[in-house]
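> Please find one structure pasted underneath; my questions will follow.
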Amino acid sequence: MKFTKMQGIGNDYVYINCFEETVPDPVELSKLVSDRHFGIGSDGLILICPSKVADCRMRMFNADGSESAMCGNGIRCVGKYVFDHKLVDKAEFDVETDAGIKHIKITEENNKAVKITVDMGIPEVTSTLPEAIVIDGKDYEFIGISVGNPHAVYFMDHIDELDLESIGPAFEFHERFPERTNSEYIEVKSRDYIRMRVWERGSGETWACGTGATASAVASVLSGRTENTVEVELKGGNLTIFWDREKSGHVFMTGPAVEVFEGEFDITNL
Ligand SMILES: N[C@@H](CCC[C@H](N)C(=O)O)C(=O)O
């Protein structure tokens with residue numbers, strides 16, 4: 001099976017062009033390819049498929065094989081892939097996801113996508129503002145935001161000192177979140193700049209999460225900490241998030257996407 005490895009500010013996935021390839025078991029394939037010692041090495045698997053209602057469809061699987069409705073860094077890479085590989089012949093197009101159809105705008109240089117803006121839709125607040133869960137006897141106040149997938153945003157000082165390997169799974173598997181949750185840990189630097197670490201449902205700590213950055217910017221605005229445009233610094237780079245709160249209610253994510261390499265993977269034993 002042919003694949004392409006791509007990354008969006010360090011959040012890396014294996015991409016399969018399902019206009020040409022058939023994937024028999026994406027759940028098992030995701031576990032296999034994601035393994036950083038025995039596989040290709042990635043945060044999961046993304047299928048770029050034909051769609052009846054949009055220009056293409058994205059299906060996204062975490063490293064543990066669980067499927068998510070949406071992936072922010074993934075959809076920017078899908079945008080770059082279909083543009084660069086000429087599966088579309090326009091710089092604005094639609095991608096079907098299980099969280100709805102998302103509109104993409106490509107900024108190109110020499111016929112290659114260098115920057116991608118995604119209309120992430122209207123965010124949904126899924127908690128009281130804020131709400132607390134108890135972990136090891138301590139209250140953690142979070143803001144719950146869905147942008148097609150679930151996020152719990154926690155504001156704190158000194159995110160570099162956080163023991164993410166402990167707190168991440170405690171959020172992910174807490175009984176408050178029956179479908180598990182992604183969680184973001186946010187240090188506010190100014191009214192338009194935040195720093196973020198993320199623990200992803202199904203993949204653990206990743207270098208970036210586009211839906212997480214979007215949810216965190218929305219939570220920052222909602223709680224009065226920032227203006228509507230926020231730059232989010234993640235381990236692998238920065239994203240710009242603009243929440244058009246007063247007019248359309250939609251939130252827009254802008255950032256890069258990079259093709260790392262192409263290869264072939266033997267799936268005869270899958
Ligand atoms: N890295 C992604 C989010 C991937 C899905 C997430 N782990 C979930 O299960 O919802 C992003 O960039 O948004």
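Residues in the structure tokens are named by chain (A, B, ... in the order shown) and by number from 1 within that chain; ligands are numbered from 1 in the order shown.
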Residues within 9 Å of ligand 1 should be enumerated using only C-alpha atoms and all ligand atoms and returned as a PyMOL selection string.
chain A and resi 8+11-13+43-44+60-63+66-76+148-151+180-182+199-204+206-214
> Compile the contact shell of segment 89-98 of chain A as an MDAnalysis selection string: residues with an atom at most 7 Å away, counting only C-alpha atoms, same-chain residues fewer than 2 positions apart removed.
chainID A and resid 51 54:59 69:70 83 86:87 100:106
> Write the residues of the selection above to a file with N, CA and C atoms, as a PDB file, in the first residue's frame.

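part-v1.pdb written:
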ATOM      1  N   SER A  51     -15.860  11.586  -2.012  1.00  0.00           N
ATOM      2  CA  SER A  51     -17.066  12.001  -1.280  1.00  0.00           C
ATOM      3  C   SER A  51     -18.181  12.305  -2.266  1.00  0.00           C
ATOM      4  N   ALA A  54     -18.863  16.435  -1.077  1.00  0.00           N
ATOM      5  CA  ALA A  54     -17.784  17.441  -1.006  1.00  0.00           C
ATOM      6  C   ALA A  54     -16.691  17.034  -1.992  1.00  0.00           C
ATOM      7  N   ASP A  55     -15.571  17.781  -1.995  1.00  0.00           N
ATOM      8  CA  ASP A  55     -14.496  17.457  -2.948  1.00  0.00           C
ATOM      9  C   ASP A  55     -13.722  16.206  -2.538  1.00  0.00           C
ATOM     10  N   CYS A  56     -13.689  15.937  -1.223  1.00  0.00           N
ATOM     11  CA  CYS A  56     -13.102  14.691  -0.734  1.00  0.00           C
ATOM     12  C   CYS A  56     -13.600  14.472   0.691  1.00  0.00           C
ATOM     13  N   ARG A  57     -13.265  13.320   1.252  1.00  0.00           N
ATOM     14  CA  ARG A  57     -13.680  13.018   2.618  1.00  0.00           C
ATOM     15  C   ARG A  57     -12.449  12.629   3.437  1.00  0.00           C
ATOM     16  N   MET A  58     -12.416  13.085   4.699  1.00  0.00           N
ATOM     17  CA  MET A  58     -11.328  12.699   5.605  1.00  0.00           C
ATOM     18  C   MET A  58     -11.864  11.729   6.652  1.00  0.00           C
ATOM     19  N   ARG A  59     -11.157  10.587   6.841  1.00  0.00           N
ATOM     20  CA  ARG A  59     -11.432   9.726   8.001  1.00  0.00           C
ATOM     21  C   ARG A  59     -10.160   9.672   8.830  1.00  0.00           C
ATOM     22  N   ALA A  69     -14.114  12.142  14.856  1.00  0.00           N
ATOM     23  CA  ALA A  69     -14.880  12.827  13.819  1.00  0.00           C
ATOM     24  C   ALA A  69     -14.080  13.945  13.159  1.00  0.00           C
ATOM     25  N   MET A  70     -13.063  14.463  13.865  1.00  0.00           N
ATOM     26  CA  MET A  70     -12.393  15.659  13.339  1.00  0.00           C
ATOM     27  C   MET A  70     -10.925  15.676  13.754  1.00  0.00           C
ATOM     28  N   PHE A  83      -4.584  19.402  -2.936  1.00  0.00           N
ATOM     29  CA  PHE A  83      -4.184  20.530  -3.793  1.00  0.00           C
ATOM     30  C   PHE A  83      -2.885  20.198  -4.536  1.00  0.00           C
ATOM     31  N   LYS A  86      -3.150  17.498  -7.075  1.00  0.00           N
ATOM     32  CA  LYS A  86      -4.126  17.857  -8.113  1.00  0.00           C
ATOM     33  C   LYS A  86      -5.375  16.959  -8.126  1.00  0.00           C
ATOM     34  N   LEU A  87      -5.817  16.570  -6.927  1.00  0.00           N
ATOM     35  CA  LEU A  87      -7.121  15.887  -6.835  1.00  0.00           C
ATOM     36  C   LEU A  87      -8.234  16.919  -6.912  1.00  0.00           C
ATOM     37  N   GLY A 100     -19.114  17.150   9.907  1.00  0.00           N
ATOM     38  CA  GLY A 100     -19.692  18.075   8.925  1.00  0.00           C
ATOM     39  C   GLY A 100     -18.711  18.420   7.824  1.00  0.00           C
ATOM     40  N   ILE A 101     -19.179  19.238   6.881  1.00  0.00           N
ATOM     41  CA  ILE A 101     -18.332  19.637   5.744  1.00  0.00           C
ATOM     42  C   ILE A 101     -17.529  20.883   6.142  1.00  0.00           C
ATOM     43  N   LYS A 102     -16.233  20.829   5.934  1.00  0.00           N
ATOM     44  CA  LYS A 102     -15.351  21.943   6.318  1.00  0.00           C
ATOM     45  C   LYS A 102     -14.794  22.604   5.056  1.00  0.00           C
ATOM     46  N   HIS A 103     -14.823  23.939   5.054  1.00  0.00           N
ATOM     47  CA  HIS A 103     -14.334  24.698   3.905  1.00  0.00           C
ATOM     48  C   HIS A 103     -12.859  25.061   4.114  1.00  0.00           C
ATOM     49  N   ILE A 104     -12.072  24.872   3.046  1.00  0.00           N
ATOM     50  CA  ILE A 104     -10.609  25.054   3.108  1.00  0.00           C
ATOM     51  C   ILE A 104     -10.187  26.154   2.145  1.00  0.00           C
ATOM     52  N   LYS A 105      -9.243  26.986   2.578  1.00  0.00           N
ATOM     53  CA  LYS A 105      -8.635  27.974   1.670  1.00  0.00           C
ATOM     54  C   LYS A 105      -7.133  27.754   1.665  1.00  0.00           C
ATOM     55  N   ILE A 106      -6.579  27.624   0.450  1.00  0.00           N
ATOM     56  CA  ILE A 106      -5.143  27.358   0.304  1.00  0.00           C
ATOM     57  C   ILE A 106      -4.405  28.654  -0.036  1.00  0.00           C
TER      58      ILE A 106
END
> Counting only C-alpha atoms, what is within 9 Å of Arg245 of chain A, bar same-chain residues fewer than 5 positions away, as a ChimeraX atom specification?
/A:122,228,250-251
> For N, CA and C atoms, I'd like the residues from the last selection saved as a PDB file, in the first residue's frame.

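again.pdb written:
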ATOM      1  N   ILE A 122     -18.988  26.162  14.014  1.00  0.00           N
ATOM      2  CA  ILE A 122     -19.409  26.858  15.245  1.00  0.00           C
ATOM      3  C   ILE A 122     -19.095  25.964  16.448  1.00  0.00           C
ATOM      4  N   ASN A 228     -10.482  38.031  20.194  1.00  0.00           N
ATOM      5  CA  ASN A 228     -11.022  36.984  19.311  1.00  0.00           C
ATOM      6  C   ASN A 228      -9.981  36.338  18.394  1.00  0.00           C
ATOM      7  N   HIS A 250     -18.478  31.372  13.417  1.00  0.00           N
ATOM      8  CA  HIS A 250     -17.518  30.333  13.018  1.00  0.00           C
ATOM      9  C   HIS A 250     -16.112  30.662  13.528  1.00  0.00           C
ATOM     10  N   VAL A 251     -15.316  29.603  13.695  1.00  0.00           N
ATOM     11  CA  VAL A 251     -13.935  29.796  14.131  1.00  0.00           C
ATOM     12  C   VAL A 251     -13.000  29.259  13.034  1.00  0.00           C
TER      13      VAL A 251
END
> Report as a ChimeraX atom specification: the residues of segment 92-162 of chain A with a DSSP assignment of strand (DSSP E), based on the backbone of this structure.
/A:92-97,100-109,112-119,124-125,131-135,138-146,150-155
> Limited to C-alpha atoms, could you put the picked residues into a file as a PDB file, in the first residue's frame?

ATOM      1  CA  GLU A  92     -10.906  26.735  -2.140  1.00  0.00           C
ATOM      2  CA  PHE A  93     -12.775  23.497  -1.629  1.00  0.00           C
ATOM      3  CA  ASP A  94     -14.798  21.371   0.796  1.00  0.00           C
ATOM      4  CA  VAL A  95     -13.791  18.351   2.863  1.00  0.00           C
ATOM      5  CA  GLU A  96     -16.419  16.011   4.311  1.00  0.00           C
ATOM      6  CA  THR A  97     -15.750  14.878   7.884  1.00  0.00           C
ATOM      7  CA  GLY A 100     -19.692  18.075   8.925  1.00  0.00           C
ATOM      8  CA  ILE A 101     -18.332  19.637   5.744  1.00  0.00           C
ATOM      9  CA  LYS A 102     -15.351  21.943   6.318  1.00  0.00           C
ATOM     10  CA  HIS A 103     -14.334  24.698   3.905  1.00  0.00           C
ATOM     11  CA  ILE A 104     -10.609  25.054   3.108  1.00  0.00           C
ATOM     12  CA  LYS A 105      -8.635  27.974   1.670  1.00  0.00           C
ATOM     13  CA  ILE A 106      -5.143  27.358   0.304  1.00  0.00           C
ATOM     14  CA  THR A 107      -2.341  29.925   0.196  1.00  0.00           C
ATOM     15  CA  GLU A 108       0.023  28.680  -2.503  1.00  0.00           C
ATOM     16  CA  GLU A 109       3.604  29.307  -3.596  1.00  0.00           C
ATOM     17  CA  LYS A 112       2.208  24.092  -3.671  1.00  0.00           C
ATOM     18  CA  ALA A 113       0.074  24.772  -0.601  1.00  0.00           C
ATOM     19  CA  VAL A 114       2.136  26.502   2.094  1.00  0.00           C
ATOM     20  CA  LYS A 115      -0.576  27.766   4.417  1.00  0.00           C
ATOM     21  CA  ILE A 116      -4.078  26.444   4.903  1.00  0.00           C
ATOM     22  CA  THR A 117      -7.106  28.062   6.550  1.00  0.00           C
ATOM     23  CA  VAL A 118      -9.956  25.854   7.714  1.00  0.00           C
ATOM     24  CA  ASP A 119     -13.441  26.982   8.687  1.00  0.00           C
ATOM     25  CA  GLU A 124     -20.157  24.097  21.168  1.00  0.00           C
ATOM     26  CA  VAL A 125     -19.688  24.692  24.900  1.00  0.00           C
ATOM     27  CA  GLU A 131     -16.838  23.120  35.719  1.00  0.00           C
ATOM     28  CA  ALA A 132     -14.653  21.107  38.079  1.00  0.00           C
ATOM     29  CA  ILE A 133     -13.632  17.470  38.181  1.00  0.00           C
ATOM     30  CA  VAL A 134     -11.742  15.900  41.057  1.00  0.00           C
ATOM     31  CA  ILE A 135      -8.455  14.110  40.356  1.00  0.00           C
ATOM     32  CA  LYS A 138      -7.755  18.078  43.830  1.00  0.00           C
ATOM     33  CA  ASP A 139     -10.310  20.204  41.942  1.00  0.00           C
ATOM     34  CA  TYR A 140      -9.489  20.854  38.273  1.00  0.00           C
ATOM     35  CA  GLU A 141     -11.652  23.606  36.769  1.00  0.00           C
ATOM     36  CA  PHE A 142     -11.955  23.150  33.028  1.00  0.00           C
ATOM     37  CA  ILE A 143     -13.975  24.530  30.115  1.00  0.00           C
ATOM     38  CA  GLY A 144     -15.501  21.883  27.847  1.00  0.00           C
ATOM     39  CA  ILE A 145     -15.591  22.724  24.121  1.00  0.00           C
ATOM     40  CA  SER A 146     -16.542  20.544  21.172  1.00  0.00           C
ATOM     41  CA  PRO A 150     -14.364  16.744  22.685  1.00  0.00           C
ATOM     42  CA  HIS A 151     -11.882  18.971  24.534  1.00  0.00           C
ATOM     43  CA  ALA A 152     -11.367  19.934  28.181  1.00  0.00           C
ATOM     44  CA  VAL A 153      -9.354  23.166  28.489  1.00  0.00           C
ATOM     45  CA  TYR A 154      -7.467  23.808  31.735  1.00  0.00           C
ATOM     46  CA  PHE A 155      -5.759  27.167  32.451  1.00  0.00           C
TER      47      PHE A 155
END
> Which distance in Å separates atom CA of Gly237 of chain A and atom CA of Leu222 of chain A, to one decimal?
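These atoms are spaced 23.8 Å apart.
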> Going by DSSP on the backbone, which residues of segment 35-247 of chain A come out as alpha helix (DSSP H)? List them as a PDB file with N, CA and C atoms, in the first residue's frame.

ATOM      1  N   GLY A  72      -7.808  18.732  13.292  1.00  0.00           N
ATOM      2  CA  GLY A  72      -7.463  20.043  12.736  1.00  0.00           C
ATOM      3  C   GLY A  72      -6.171  20.027  11.935  1.00  0.00           C
ATOM      4  N   ASN A  73      -5.101  19.457  12.518  1.00  0.00           N
ATOM      5  CA  ASN A  73      -3.841  19.394  11.763  1.00  0.00           C
ATOM      6  C   ASN A  73      -4.000  18.448  10.582  1.00  0.00           C
ATOM      7  N   GLY A  74      -4.781  17.390  10.794  1.00  0.00           N
ATOM      8  CA  GLY A  74      -5.020  16.421   9.724  1.00  0.00           C
ATOM      9  C   GLY A  74      -5.722  17.049   8.535  1.00  0.00           C
ATOM     10  N   ILE A  75      -6.725  17.858   8.792  1.00  0.00           N
ATOM     11  CA  ILE A  75      -7.498  18.402   7.667  1.00  0.00           C
ATOM     12  C   ILE A  75      -6.665  19.429   6.879  1.00  0.00           C
ATOM     13  N   ARG A  76      -5.737  20.143   7.550  1.00  0.00           N
ATOM     14  CA  ARG A  76      -4.844  21.032   6.791  1.00  0.00           C
ATOM     15  C   ARG A  76      -3.945  20.210   5.864  1.00  0.00           C
ATOM     16  N   CYS A  77      -3.453  19.064   6.382  1.00  0.00           N
ATOM     17  CA  CYS A  77      -2.602  18.205   5.547  1.00  0.00           C
ATOM     18  C   CYS A  77      -3.416  17.598   4.397  1.00  0.00           C
ATOM     19  N   VAL A  78      -4.668  17.218   4.671  1.00  0.00           N
ATOM     20  CA  VAL A  78      -5.535  16.707   3.596  1.00  0.00           C
ATOM     21  C   VAL A  78      -5.691  17.790   2.532  1.00  0.00           C
ATOM     22  N   GLY A  79      -5.892  19.034   2.982  1.00  0.00           N
ATOM     23  CA  GLY A  79      -6.010  20.162   2.056  1.00  0.00           C
ATOM     24  C   GLY A  79      -4.771  20.282   1.194  1.00  0.00           C
ATOM     25  N   LYS A  80      -3.603  20.207   1.822  1.00  0.00           N
ATOM     26  CA  LYS A  80      -2.346  20.303   1.048  1.00  0.00           C
ATOM     27  C   LYS A  80      -2.223  19.129   0.074  1.00  0.00           C
ATOM     28  N   TYR A  81      -2.548  17.932   0.560  1.00  0.00           N
ATOM     29  CA  TYR A  81      -2.384  16.742  -0.293  1.00  0.00           C
ATOM     30  C   TYR A  81      -3.252  16.851  -1.551  1.00  0.00           C
ATOM     31  N   VAL A  82      -4.546  17.141  -1.378  1.00  0.00           N
ATOM     32  CA  VAL A  82      -5.441  17.133  -2.547  1.00  0.00           C
ATOM     33  C   VAL A  82      -5.099  18.293  -3.488  1.00  0.00           C
ATOM     34  N   PHE A  83      -4.584  19.402  -2.936  1.00  0.00           N
ATOM     35  CA  PHE A  83      -4.184  20.530  -3.793  1.00  0.00           C
ATOM     36  C   PHE A  83      -2.885  20.198  -4.536  1.00  0.00           C
ATOM     37  N   ASP A  84      -1.852  19.787  -3.804  1.00  0.00           N
ATOM     38  CA  ASP A  84      -0.542  19.527  -4.420  1.00  0.00           C
ATOM     39  C   ASP A  84      -0.595  18.365  -5.411  1.00  0.00           C
ATOM     40  N   LEU A 164       2.337  15.745  32.400  1.00  0.00           N
ATOM     41  CA  LEU A 164       1.265  15.424  31.449  1.00  0.00           C
ATOM     42  C   LEU A 164       0.974  13.930  31.379  1.00  0.00           C
ATOM     43  N   GLU A 165       1.993  13.105  31.591  1.00  0.00           N
ATOM     44  CA  GLU A 165       1.811  11.644  31.561  1.00  0.00           C
ATOM     45  C   GLU A 165       0.860  11.175  32.662  1.00  0.00           C
ATOM     46  N   SER A 166       0.713  11.967  33.732  1.00  0.00           N
ATOM     47  CA  SER A 166      -0.218  11.604  34.813  1.00  0.00           C
ATOM     48  C   SER A 166      -1.571  12.266  34.616  1.00  0.00           C
ATOM     49  N   ILE A 167      -1.559  13.579  34.363  1.00  0.00           N
ATOM     50  CA  ILE A 167      -2.822  14.318  34.318  1.00  0.00           C
ATOM     51  C   ILE A 167      -3.598  14.030  33.026  1.00  0.00           C
ATOM     52  N   GLY A 168      -2.871  13.794  31.926  1.00  0.00           N
ATOM     53  CA  GLY A 168      -3.540  13.538  30.639  1.00  0.00           C
ATOM     54  C   GLY A 168      -4.476  12.333  30.704  1.00  0.00           C
ATOM     55  N   PRO A 169      -3.961  11.155  31.096  1.00  0.00           N
ATOM     56  CA  PRO A 169      -4.842   9.980  31.196  1.00  0.00           C
ATOM     57  C   PRO A 169      -5.941  10.162  32.252  1.00  0.00           C
ATOM     58  N   ALA A 170      -5.652  10.924  33.323  1.00  0.00           N
ATOM     59  CA  ALA A 170      -6.683  11.144  34.368  1.00  0.00           C
ATOM     60  C   ALA A 170      -7.867  11.905  33.775  1.00  0.00           C
ATOM     61  N   PHE A 171      -7.604  12.901  32.926  1.00  0.00           N
ATOM     62  CA  PHE A 171      -8.693  13.581  32.212  1.00  0.00           C
ATOM     63  C   PHE A 171      -9.336  12.630  31.200  1.00  0.00           C
ATOM     64  N   GLU A 172      -8.497  11.997  30.375  1.00  0.00           N
ATOM     65  CA  GLU A 172      -9.028  11.194  29.253  1.00  0.00           C
ATOM     66  C   GLU A 172     -10.023  10.141  29.738  1.00  0.00           C
ATOM     67  N   GLY A 210      -4.803  20.618  16.306  1.00  0.00           N
ATOM     68  CA  GLY A 210      -5.504  21.759  15.701  1.00  0.00           C
ATOM     69  C   GLY A 210      -6.876  21.995  16.293  1.00  0.00           C
ATOM     70  N   THR A 211      -7.616  20.901  16.527  1.00  0.00           N
ATOM     71  CA  THR A 211      -8.925  21.078  17.174  1.00  0.00           C
ATOM     72  C   THR A 211      -8.717  21.555  18.613  1.00  0.00           C
ATOM     73  N   GLY A 212      -7.646  21.066  19.264  1.00  0.00           N
ATOM     74  CA  GLY A 212      -7.356  21.484  20.637  1.00  0.00           C
ATOM     75  C   GLY A 212      -7.000  22.965  20.713  1.00  0.00           C
ATOM     76  N   ALA A 213      -6.210  23.426  19.733  1.00  0.00           N
ATOM     77  CA  ALA A 213      -5.848  24.858  19.688  1.00  0.00           C
ATOM     78  C   ALA A 213      -7.104  25.695  19.467  1.00  0.00           C
ATOM     79  N   THR A 214      -7.989  25.205  18.598  1.00  0.00           N
ATOM     80  CA  THR A 214      -9.238  25.923  18.314  1.00  0.00           C
ATOM     81  C   THR A 214     -10.096  26.001  19.577  1.00  0.00           C
ATOM     82  N   ALA A 215     -10.270  24.856  20.232  1.00  0.00           N
ATOM     83  CA  ALA A 215     -11.077  24.813  21.457  1.00  0.00           C
ATOM     84  C   ALA A 215     -10.467  25.706  22.540  1.00  0.00           C
ATOM     85  N   SER A 216      -9.133  25.719  22.626  1.00  0.00           N
ATOM     86  CA  SER A 216      -8.458  26.495  23.670  1.00  0.00           C
ATOM     87  C   SER A 216      -8.597  27.992  23.423  1.00  0.00           C
ATOM     88  N   ALA A 217      -8.507  28.390  22.144  1.00  0.00           N
ATOM     89  CA  ALA A 217      -8.699  29.807  21.823  1.00  0.00           C
ATOM     90  C   ALA A 217     -10.131  30.224  22.166  1.00  0.00           C
ATOM     91  N   VAL A 218     -11.089  29.382  21.833  1.00  0.00           N
ATOM     92  CA  VAL A 218     -12.504  29.690  22.144  1.00  0.00           C
ATOM     93  C   VAL A 218     -12.697  29.809  23.666  1.00  0.00           C
ATOM     94  N   ALA A 219     -12.111  28.879  24.411  1.00  0.00           N
ATOM     95  CA  ALA A 219     -12.227  28.934  25.875  1.00  0.00           C
ATOM     96  C   ALA A 219     -11.556  30.187  26.436  1.00  0.00           C
ATOM     97  N   SER A 220     -10.442  30.597  25.813  1.00  0.00           N
ATOM     98  CA  SER A 220      -9.726  31.799  26.267  1.00  0.00           C
ATOM     99  C   SER A 220     -10.571  33.052  26.038  1.00  0.00           C
ATOM    100  N   VAL A 221     -11.248  33.094  24.892  1.00  0.00           N
ATOM    101  CA  VAL A 221     -12.121  34.242  24.597  1.00  0.00           C
ATOM    102  C   VAL A 221     -13.320  34.233  25.543  1.00  0.00           C
ATOM    103  N   LEU A 222     -13.953  33.062  25.649  1.00  0.00           N
ATOM    104  CA  LEU A 222     -15.167  32.950  26.473  1.00  0.00           C
ATOM    105  C   LEU A 222     -14.928  33.348  27.925  1.00  0.00           C
TER     106      LEU A 222
END
> Could you tell me how far atom CA of His85 of chain A sits from atom CA of Cys49 of chain A, in Å to one decimal place?
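Interatomic distance, atom CA of Cys49 of chain A to atom CA of His85 of chain A: 13.6 Å.
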> With distances taken over only C-alpha atoms, which residue among A:Ile48, A:Arg191, A:Phe261, A:Met253 lies nearest Val147 of chain A?
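The answer is A:Met253, which sits nearest to Val147 of chain A.
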> So how far away is atom CA of Glu262 of chain A from atom CA of Ala99 of chain A, in Å?
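Between atom CA of Ala99 of chain A and atom CA of Glu262 of chain A the gap is 28.1 Å.
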> Which residue gives the smallest distance to Pro256 of chain A among A:Glu175, A:Ile9, A:Met1, A:Pro50, with only C-alpha atoms counted?
A:Ile9
> Nearest residue to Leu129 of chain A out of A:Phe177, A:Ser190, A:Asn110, A:Ser223, using only C-alpha atoms?
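Between A:Phe177, A:Ser190, A:Asn110, A:Ser223, the residue approaching Leu129 of chain A most closely is A:Ser223.
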> Could you pull the residues within 10 Å of Pro24 of chain A, counting only C-alpha atoms, minus those fewer than 4 positions along the same chain, as a list of chain:residue names?
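Here the qualifying residues turn out to be A:Glu28, A:Leu29, A:Ile267, A:Leu270.
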> Selected residues, N, CA and C atoms, written as a short mmCIF file (atom, residue, chain, number, x, y, z; two decimals), in the first residue's frame, please.

data_model
loop_
_atom_site.label_atom_id
_atom_site.label_comp_id
_atom_site.auth_asym_id
_atom_site.auth_seq_id
_atom_site.Cartn_x
_atom_site.Cartn_y
_atom_site.Cartn_z
N GLU A 28 -6.96 -1.55 12.62
CA GLU A 28 -5.72 -2.32 12.83
C GLU A 28 -4.54 -1.65 12.13
N LEU A 29 -4.80 -1.11 10.93
CA LEU A 29 -3.71 -0.45 10.18
C LEU A 29 -3.17 0.74 10.95
N ILE A 267 0.87 -4.78 3.64
CA ILE A 267 -0.33 -5.04 4.47
C ILE A 267 -0.86 -6.47 4.24
N LEU A 270 -2.37 -8.04 7.32
CA LEU A 270 -3.36 -7.23 8.07
C LEU A 270 -4.66 -7.99 8.24
#
> Let me make sure I understand: among A:Gly137, A:Ile46, A:Thr126, A:Glu205, which one has the smallest atom-to-atom distance to Tyr15 of chain A if we use only C-alpha atoms?
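Looking at the shortest contact to Tyr15 of chain A, the residue is A:Ile46.
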